[in-house]
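Colleague: Input file: structure_39.pdb. Contents: PDB, C-alpha atoms.
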```pdb
ATOM      1  CA  MET A 227      38.902  72.415 -69.796
ATOM      2  CA  ARG A 228      42.073  71.443 -71.640
ATOM      3  CA  ARG A 229      43.308  67.867 -71.373
ATOM      4  CA  HIS A 230      46.326  66.312 -72.967
ATOM      5  CA  PRO A 231      45.235  63.509 -75.368
ATOM      6  CA  SER A 232      47.403  60.941 -73.599
ATOM      7  CA  PHE A 233      45.752  61.831 -70.270
ATOM      8  CA  CYS A 234      42.381  60.793 -71.688
ATOM      9  CA  LEU A 235      43.788  57.511 -72.985
ATOM     10  CA  ILE A 236      45.467  56.784 -69.655
ATOM     11  CA  PHE A 237      42.224  57.563 -67.825
ATOM     12  CA  LEU A 238      40.197  55.282 -70.106
ATOM     13  CA  PHE A 239      42.672  52.419 -69.833
ATOM     14  CA  SER A 240      42.938  52.791 -66.056
ATOM     15  CA  CYS A 241      39.197  52.183 -65.795
ATOM     16  CA  PHE A 242      39.707  48.702 -67.224
ATOM     17  CA  LEU A 243      42.908  47.668 -65.449
ATOM     18  CA  PRO A 244      42.553  44.786 -63.011
ATOM     19  CA  PRO A 245      43.290  45.636 -59.380
ATOM     20  CA  ALA A 246      46.773  44.989 -58.062
ATOM     21  CA  LEU A 247      47.127  41.703 -56.245
ATOM     22  CA  ALA A 248      47.393  41.353 -52.511
ATOM     23  CA  MET A 249      49.317  39.251 -50.016
ATOM     24  CA  ARG A 250      48.313  35.597 -50.278
ATOM     25  CA  LEU A 251      48.244  32.705 -47.809
ATOM     26  CA  VAL A 252      47.309  29.157 -48.704
ATOM     27  CA  VAL A 253      46.240  27.645 -45.394
ATOM     28  CA  GLN A 254      45.929  23.911 -44.811
ATOM     29  CA  ARG A 255      44.573  22.298 -41.658
ATOM     30  CA  VAL A 256      46.966  19.473 -40.817
ATOM     31  CA  LYS A 257      47.403  16.554 -38.445
ATOM     32  CA  ARG A 258      51.160  16.916 -38.823
ATOM     33  CA  ALA A 259      53.662  18.655 -41.082
ATOM     34  CA  SER A 260      57.393  19.162 -41.450
ATOM     35  CA  VAL A 261      60.000  21.022 -43.483
ATOM     36  CA  THR A 262      63.276  19.418 -44.503
ATOM     37  CA  VAL A 263      66.187  21.185 -46.213
ATOM     38  CA  ASP A 264      69.133  19.189 -47.591
ATOM     39  CA  SER A 265      67.875  16.041 -45.846
ATOM     40  CA  SER A 266      67.856  17.802 -42.462
ATOM     41  CA  LEU A 267      64.650  18.359 -40.518
ATOM     42  CA  VAL A 268      64.194  22.107 -40.027
ATOM     43  CA  SER A 269      60.833  22.204 -38.271
ATOM     44  CA  SER A 270      57.757  20.127 -37.592
ATOM     45  CA  ILE A 271      54.329  20.472 -36.033
ATOM     46  CA  ASN A 272      51.523  18.198 -34.995
ATOM     47  CA  ASN A 273      47.911  19.433 -35.166
ATOM     48  CA  GLY A 274      47.651  22.910 -36.608
ATOM     49  CA  VAL A 275      47.957  24.751 -39.900
ATOM     50  CA  VAL A 276      50.527  25.054 -42.640
ATOM     51  CA  ALA A 277      50.520  28.519 -44.182
ATOM     52  CA  LEU A 278      52.205  28.934 -47.553
ATOM     53  CA  VAL A 279      53.061  32.645 -47.555
ATOM     54  CA  GLY A 280      53.199  34.609 -50.802
ATOM     55  CA  ILE A 281      54.235  38.243 -50.647
ATOM     56  CA  HIS A 282      53.223  40.450 -53.571
ATOM     57  CA  GLU A 283      55.512  43.198 -54.845
ATOM     58  CA  ASP A 284      53.028  45.866 -53.679
ATOM     59  CA  ASP A 285      52.358  44.519 -50.184
ATOM     60  CA  THR A 286      52.493  46.880 -47.234
ATOM     61  CA  ASP A 287      52.587  46.531 -43.456
ATOM     62  CA  GLU A 288      48.774  46.666 -43.519
ATOM     63  CA  ASP A 289      48.689  43.561 -45.746
ATOM     64  CA  LEU A 290      51.034  41.719 -43.397
ATOM     65  CA  ALA A 291      48.946  42.637 -40.345
ATOM     66  CA  TYR A 292      45.665  41.704 -42.045
ATOM     67  CA  CYS A 293      46.920  38.257 -43.048
ATOM     68  CA  ALA A 294      48.513  37.638 -39.632
ATOM     69  CA  ARG A 295      45.168  38.370 -37.919
ATOM     70  CA  LYS A 296      43.234  36.173 -40.349
ATOM     71  CA  LEU A 297      45.681  33.282 -40.010
ATOM     72  CA  ALA A 298      45.469  33.237 -36.214
ATOM     73  CA  ALA A 299      41.692  33.728 -36.156
ATOM     74  CA  CYS A 300      40.323  31.618 -39.034
ATOM     75  CA  LYS A 301      37.979  29.012 -37.576
ATOM     76  CA  LEU A 302      38.880  25.627 -39.016
ATOM     77  CA  TRP A 303      37.942  23.234 -36.186
ATOM     78  CA  ALA A 304      34.696  22.041 -34.653
ATOM     79  CA  ASN A 305      33.672  22.949 -31.127
ATOM     80  CA  LYS A 306      33.158  20.365 -28.341
ATOM     81  CA  ASP A 307      29.595  19.781 -29.606
ATOM     82  CA  GLY A 308      30.904  18.871 -33.052
ATOM     83  CA  LYS A 309      29.689  22.040 -34.776
ATOM     84  CA  PRO A 310      32.200  22.734 -37.538
ATOM     85  CA  TRP A 311      34.085  25.950 -38.187
ATOM     86  CA  LYS A 312      33.904  27.224 -34.604
ATOM     87  CA  HIS A 313      37.516  27.234 -33.295
ATOM     88  CA  SER A 314      40.719  28.808 -34.556
ATOM     89  CA  VAL A 315      44.266  27.475 -34.324
ATOM     90  CA  GLN A 316      44.694  29.902 -31.445
ATOM     91  CA  ALA A 317      41.581  28.661 -29.613
ATOM     92  CA  MET A 318      42.740  25.057 -30.062
ATOM     93  CA  ASN A 319      46.290  25.929 -28.919
ATOM     94  CA  TYR A 320      47.670  24.252 -32.039
ATOM     95  CA  ASP A 321      50.782  25.038 -34.065
ATOM     96  CA  ILE A 322      51.399  27.123 -37.184
ATOM     97  CA  LEU A 323      54.036  26.216 -39.759
ATOM     98  CA  CYS A 324      54.806  29.128 -42.089
ATOM     99  CA  VAL A 325      56.520  28.421 -45.388
ATOM    100  CA  SER A 326      57.631  31.294 -47.612
ATOM    101  CA  GLN A 327      56.519  30.649 -51.176
ATOM    102  CA  PHE A 328      57.098  33.257 -53.871
ATOM    103  CA  THR A 329      55.661  30.834 -56.452
ATOM    104  CA  LEU A 330      52.130  31.704 -55.278
ATOM    105  CA  TYR A 331      52.370  34.645 -57.678
ATOM    106  CA  GLY A 332      53.693  32.603 -60.572
ATOM    107  CA  THR A 333      51.944  32.815 -63.919
ATOM    108  CA  VAL A 334      52.373  30.911 -67.164
ATOM    109  CA  ASP A 335      50.881  33.528 -69.466
ATOM    110  CA  ASN A 336      53.701  33.400 -72.012
ATOM    111  CA  LYS A 337      53.881  31.229 -75.127
ATOM    112  CA  LYS A 338      56.778  29.188 -73.750
ATOM    113  CA  HIS A 339      54.702  28.186 -70.695
ATOM    114  CA  SER A 340      57.636  29.140 -68.465
ATOM    115  CA  PRO A 341      56.702  30.369 -64.984
ATOM    116  CA  ASP A 342      57.002  34.097 -64.421
ATOM    117  CA  TYR A 343      57.277  35.375 -60.857
ATOM    118  CA  LYS A 344      57.565  39.116 -61.476
ATOM    119  CA  LYS A 345      54.539  39.878 -59.267
ATOM    120  CA  SER A 346      56.324  38.419 -56.241
ATOM    121  CA  MET A 347      58.243  40.790 -54.006
ATOM    122  CA  LYS A 348      61.983  40.715 -54.701
ATOM    123  CA  SER A 349      63.993  38.517 -52.353
ATOM    124  CA  ALA A 350      65.809  41.197 -50.319
ATOM    125  CA  GLU A 351      62.554  43.024 -49.508
ATOM    126  CA  ALA A 352      60.531  39.821 -49.196
ATOM    127  CA  VAL A 353      62.709  38.311 -46.458
ATOM    128  CA  VAL A 354      62.171  41.447 -44.358
ATOM    129  CA  ALA A 355      58.403  41.358 -44.993
ATOM    130  CA  TYR A 356      58.235  37.612 -44.251
ATOM    131  CA  GLU A 357      60.084  38.011 -40.947
ATOM    132  CA  LYS A 358      57.784  40.890 -40.031
ATOM    133  CA  PHE A 359      54.749  38.749 -40.897
ATOM    134  CA  LYS A 360      55.979  35.938 -38.623
ATOM    135  CA  SER A 361      56.571  38.453 -35.826
ATOM    136  CA  LEU A 362      53.033  39.776 -36.213
ATOM    137  CA  VAL A 363      51.613  36.251 -36.002
ATOM    138  CA  ALA A 364      53.735  35.619 -32.900
ATOM    139  CA  GLU A 365      52.464  38.854 -31.284
ATOM    140  CA  ILE A 366      48.864  37.822 -31.906
ATOM    141  CA  TYR A 367      49.309  34.212 -30.879
ATOM    142  CA  ASP A 368      52.320  32.604 -29.179
ATOM    143  CA  GLU A 369      55.808  32.640 -30.668
ATOM    144  CA  THR A 370      56.529  29.143 -29.308
ATOM    145  CA  LYS A 371      53.688  27.854 -31.508
ATOM    146  CA  ILE A 372      55.104  29.368 -34.723
ATOM    147  CA  GLN A 373      57.501  27.296 -36.826
ATOM    148  CA  ASP A 374      58.856  27.981 -40.283
ATOM    149  CA  GLY A 375      61.017  26.748 -43.098
ATOM    150  CA  VAL A 376      64.132  28.415 -44.503
ATOM    151  CA  PHE A 377      63.458  31.504 -46.594
ATOM    152  CA  GLY A 378      64.685  31.059 -50.166
ATOM    153  CA  ALA A 379      65.780  27.448 -49.688
ATOM    154  CA  MET A 380      64.628  24.461 -51.708
ATOM    155  CA  MET A 381      62.388  22.819 -49.103
ATOM    156  CA  ASP A 382      60.637  19.494 -48.832
ATOM    157  CA  VAL A 383      57.295  20.179 -47.160
ATOM    158  CA  GLU A 384      55.457  17.101 -45.945
ATOM    159  CA  LEU A 385      51.995  17.197 -44.419
ATOM    160  CA  VAL A 386      48.951  15.166 -43.593
ATOM    161  CA  ASN A 387      46.018  17.370 -44.524
ATOM    162  CA  ASP A 388      43.184  17.096 -42.005
ATOM    163  CA  GLY A 389      39.836  16.985 -43.804
ATOM    164  CA  PRO A 390      41.177  17.975 -46.247
ATOM    165  CA  VAL A 391      40.704  21.642 -45.406
ATOM    166  CA  THR A 392      42.546  24.135 -47.604
ATOM    167  CA  LEU A 393      41.670  27.780 -48.067
ATOM    168  CA  ILE A 394      43.150  30.956 -49.462
ATOM    169  CA  ILE A 395      43.478  34.197 -47.530
ATOM    170  CA  ASP A 396      44.203  37.310 -49.591
ATOM    171  CA  SER A 397      44.655  40.716 -48.046
ATOM    172  CA  PRO A 398      42.201  43.308 -49.410
ATOM    173  CA  GLN A 399      43.083  44.190 -52.968
ATOM    174  CA  LYS A 400      44.334  47.649 -53.708
ATOM    175  CA  GLU A 401      43.682  49.566 -56.882
ATOM    176  CA  ALA A 402      46.343  49.293 -59.546
ATOM    177  CA  PRO A 403      48.712  52.255 -59.370
ATOM    178  CA  LEU A 404      48.096  54.949 -61.956
ATOM    179  CA  PRO A 405      50.825  55.994 -64.353
ATOM    180  CA  PRO A 406      52.906  59.017 -63.311
ATOM    181  CA  PRO A 407      51.311  62.418 -63.959
ATOM    182  CA  LEU A 408      52.126  64.294 -67.118
ATOM    183  CA  ASP A 409      54.446  67.271 -66.932
ATOM    184  CA  ASP A 410      52.970  70.765 -66.850
ATOM    185  CA  GLY A 411      54.238  71.639 -70.313
ATOM    186  CA  GLU A 412      52.040  72.994 -73.065
ATOM    187  CA  VAL A 413      48.949  70.964 -73.712
ATOM    188  CA  GLU A 414      47.046  70.716 -76.953
ATOM    189  CA  GLU A 415      43.333  71.372 -76.801
ATOM    190  CA  PHE A 416      40.842  68.821 -78.053
ATOM    191  CA  GLU A 417      38.648  69.971 -80.834
ATOM    192  CA  ALA A 418      35.080  68.817 -80.752
TER
END
```
Take the structure from the file and write it as structure tokens.

Modeller:
Amino acid sequence: MRRHPSFCLIFLFSCFLPPALAMRLVVQRVKRASVTVDSSLVSSINNGVVALVGIHEDDTDEDLAYCARKLAACKLWANKDGKPWKHSVQAMNYDILCVSQFTLYGTVDNKKHSPDYKKSMKSAEAVVAYEKFKSLVAEIYDETKIQDGVFGAMMDVELVNDGPVTLIIDSPQKEAPLPPPLDDGEVEEFEA
């Protein structure tokens, strides 16, 4: 079988590429939390969760739905007998405060130590995905229990962490996309 030499290199390198990242939530169980923008209170909750929402450039509707289900269903509270990790925010009828946060995909891999956010979804697409995510959470739970900050704004987020309990929810990782296929032009044969 004839293979183009660059095909073999691409295949070998693709075996060692890390998987693409997924949607990310940082979830904190709180006694109270609020978001302020320009010294004005935008939203606040009492008992519930704060979800910092990071949307990756490759996220799909499936990622949004997965994270919405996990956020509403993750069991962070004890039951009436005191057994921990038995009740979700939904079961407790508590609030959710969503805060968009593209910096969850920031890296400082460069020599200047400057943050790089290129793995975050671009703003125009991200606002649509974020709004869709909030709608999915509201469909699963109760839209009157969902609060949020202001997408793209510089926000002051204050909270009293209960526990503290903080966890990360990532949607299932997808494989890194392969490079585009080679054209069907002439191909040199390998010689063994």

Colleague: Could you expand the PyMOL selection byres ((chain A and resi 298) around 7) into the explicit residues it covers here, written as JSON, numbers by chain?

Modeller: {"A": [294, 295, 296, 297, 299, 300, 314, 315, 316, 363, 367]}

Colleague: To one decimal place, how far is CA of Ala317 in chain A from CA of Met381 in chain A in Å?

Modeller: 29.1 Å

Colleague: Choose the residue, out of A:Ile281, A:Ala259, A:Val376, A:Ala291, that has the smallest atom-to-atom separation from Tyr343 in chain A; count all atoms listed in the file.

Modeller: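 Residue with the minimum atom-to-atom distance to Tyr343 in chain A: A:Ile281.
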
Colleague: The PyMOL selection byres ((chain A and resi 304) around 12) - which residues does that actually catch in the file I just gave you? List them as a ChimeraX atom specification.

Modeller: /A:300-303,305-315,317-318,389

Colleague: Taking the point (54.2, 26.4, -41.0) as given in the file, collect each protein or nucleic acid residue that comes within 8 Å of it, counting all atoms listed in the file, and present the set as a PyMOL selection string.

Modeller: chain A and resi 259-260+270-271+275-278+321-325+372-375

Colleague: By how many Å are CA of Tyr356 in chain A and CA of Glu288 in chain A apart?

Modeller: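 Calculated distance between CA of Tyr356 in chain A and CA of Glu288 in chain A is 13.1 Å.
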
Colleague: Nearest to Leu290 in chain A: which of A:Ser361, A:Thr392, A:Asn273, A:Asn387 is it, counting all atoms listed in the file?

Modeller: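 For Leu290 in chain A, the nearest of the given residues is A:Ser361.
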
Colleague: Have range 354-365 of chain A completed to all heavy atoms, please, and pass it along as an mmCIF file, keeping the file's coordinate frame.

Modeller:
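Contents of rebuild-v7.cif, as written:
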```cif
data_model
loop_
_atom_site.group_PDB
_atom_site.id
_atom_site.type_symbol
_atom_site.label_atom_id
_atom_site.label_comp_id
_atom_site.auth_asym_id
_atom_site.auth_seq_id
_atom_site.Cartn_x
_atom_site.Cartn_y
_atom_site.Cartn_z
ATOM 1 N N VAL A 354 62.512 40.509 -45.434
ATOM 2 C CA VAL A 354 62.171 41.447 -44.358
ATOM 3 C C VAL A 354 60.667 41.396 -44.082
ATOM 4 O O VAL A 354 60.229 41.317 -42.925
ATOM 5 C CB VAL A 354 62.626 42.884 -44.725
ATOM 6 C CG1 VAL A 354 62.107 43.897 -43.718
ATOM 7 C CG2 VAL A 354 64.135 42.952 -44.843
ATOM 8 N N ALA A 355 59.862 41.411 -45.154
ATOM 9 C CA ALA A 355 58.403 41.358 -44.993
ATOM 10 C C ALA A 355 57.967 40.035 -44.371
ATOM 11 O O ALA A 355 57.096 40.008 -43.496
ATOM 12 C CB ALA A 355 57.723 41.562 -46.348
ATOM 13 N N TYR A 356 58.581 38.935 -44.792
ATOM 14 C CA TYR A 356 58.235 37.612 -44.251
ATOM 15 C C TYR A 356 58.554 37.533 -42.757
ATOM 16 O O TYR A 356 57.742 37.052 -41.959
ATOM 17 C CB TYR A 356 58.983 36.532 -45.036
ATOM 18 C CG TYR A 356 58.743 35.134 -44.516
ATOM 19 C CD1 TYR A 356 57.505 34.514 -44.684
ATOM 20 C CD2 TYR A 356 59.754 34.425 -43.874
ATOM 21 C CE1 TYR A 356 57.288 33.235 -44.195
ATOM 22 C CE2 TYR A 356 59.543 33.146 -43.392
ATOM 23 C CZ TYR A 356 58.307 32.553 -43.565
ATOM 24 O OH TYR A 356 58.085 31.289 -43.091
ATOM 25 N N GLU A 357 59.719 38.018 -42.370
ATOM 26 C CA GLU A 357 60.084 38.011 -40.947
ATOM 27 C C GLU A 357 59.129 38.887 -40.136
ATOM 28 O O GLU A 357 58.745 38.533 -39.021
ATOM 29 C CB GLU A 357 61.539 38.469 -40.759
ATOM 30 C CG GLU A 357 62.569 37.492 -41.298
ATOM 31 C CD GLU A 357 62.534 36.126 -40.623
ATOM 32 O OE1 GLU A 357 62.212 36.046 -39.419
ATOM 33 O OE2 GLU A 357 62.828 35.123 -41.299
ATOM 34 N N LYS A 358 58.734 40.014 -40.711
ATOM 35 C CA LYS A 358 57.784 40.890 -40.031
ATOM 36 C C LYS A 358 56.428 40.195 -39.887
ATOM 37 O O LYS A 358 55.789 40.268 -38.838
ATOM 38 C CB LYS A 358 57.631 42.203 -40.791
ATOM 39 C CG LYS A 358 56.777 43.207 -40.075
ATOM 40 C CD LYS A 358 56.915 44.580 -40.672
ATOM 41 C CE LYS A 358 56.354 45.586 -39.706
ATOM 42 N NZ LYS A 358 56.677 46.944 -40.058
ATOM 43 N N PHE A 359 56.004 39.492 -40.947
ATOM 44 C CA PHE A 359 54.749 38.749 -40.897
ATOM 45 C C PHE A 359 54.789 37.714 -39.770
ATOM 46 O O PHE A 359 53.853 37.625 -38.966
ATOM 47 C CB PHE A 359 54.480 38.074 -42.243
ATOM 48 C CG PHE A 359 53.345 37.101 -42.200
ATOM 49 C CD1 PHE A 359 52.029 37.550 -42.141
ATOM 50 C CD2 PHE A 359 53.581 35.742 -42.195
ATOM 51 C CE1 PHE A 359 50.978 36.648 -42.079
ATOM 52 C CE2 PHE A 359 52.528 34.834 -42.140
ATOM 53 C CZ PHE A 359 51.227 35.293 -42.084
ATOM 54 N N LYS A 360 55.867 36.941 -39.685
ATOM 55 C CA LYS A 360 55.979 35.938 -38.623
ATOM 56 C C LYS A 360 55.940 36.592 -37.243
ATOM 57 O O LYS A 360 55.318 36.061 -36.324
ATOM 58 C CB LYS A 360 57.265 35.128 -38.775
ATOM 59 C CG LYS A 360 57.250 34.144 -39.901
ATOM 60 C CD LYS A 360 58.445 33.207 -39.870
ATOM 61 C CE LYS A 360 59.704 33.912 -39.517
ATOM 62 N NZ LYS A 360 60.904 33.100 -39.468
ATOM 63 N N SER A 361 56.594 37.738 -37.105
ATOM 64 C CA SER A 361 56.571 38.453 -35.826
ATOM 65 C C SER A 361 55.167 38.907 -35.463
ATOM 66 O O SER A 361 54.767 38.833 -34.296
ATOM 67 C CB SER A 361 57.492 39.676 -35.886
ATOM 68 O OG SER A 361 58.824 39.276 -36.025
ATOM 69 N N LEU A 362 54.417 39.357 -36.464
ATOM 70 C CA LEU A 362 53.033 39.776 -36.213
ATOM 71 C C LEU A 362 52.173 38.597 -35.775
ATOM 72 O O LEU A 362 51.364 38.717 -34.852
ATOM 73 C CB LEU A 362 52.441 40.428 -37.465
ATOM 74 C CG LEU A 362 53.014 41.794 -37.830
ATOM 75 C CD1 LEU A 362 52.594 42.197 -39.240
ATOM 76 C CD2 LEU A 362 52.577 42.838 -36.819
ATOM 77 N N VAL A 363 52.359 37.450 -36.409
ATOM 78 C CA VAL A 363 51.613 36.251 -36.002
ATOM 79 C C VAL A 363 51.982 35.881 -34.570
ATOM 80 O O VAL A 363 51.115 35.564 -33.756
ATOM 81 C CB VAL A 363 51.872 35.068 -36.972
ATOM 82 C CG1 VAL A 363 51.187 33.800 -36.471
ATOM 83 C CG2 VAL A 363 51.394 35.391 -38.385
ATOM 84 N N ALA A 364 53.271 35.950 -34.247
ATOM 85 C CA ALA A 364 53.735 35.619 -32.900
ATOM 86 C C ALA A 364 53.176 36.584 -31.855
ATOM 87 O O ALA A 364 52.847 36.175 -30.737
ATOM 88 C CB ALA A 364 55.263 35.625 -32.860
ATOM 89 N N GLU A 365 53.051 37.877 -32.207
ATOM 90 C CA GLU A 365 52.464 38.854 -31.284
ATOM 91 C C GLU A 365 50.998 38.537 -31.013
ATOM 92 O O GLU A 365 50.524 38.688 -29.885
ATOM 93 C CB GLU A 365 52.568 40.262 -31.861
ATOM 94 C CG GLU A 365 53.944 40.869 -31.817
ATOM 95 C CD GLU A 365 53.993 42.224 -32.511
ATOM 96 O OE1 GLU A 365 52.940 42.885 -32.654
ATOM 97 O OE2 GLU A 365 55.099 42.611 -32.918
#
```
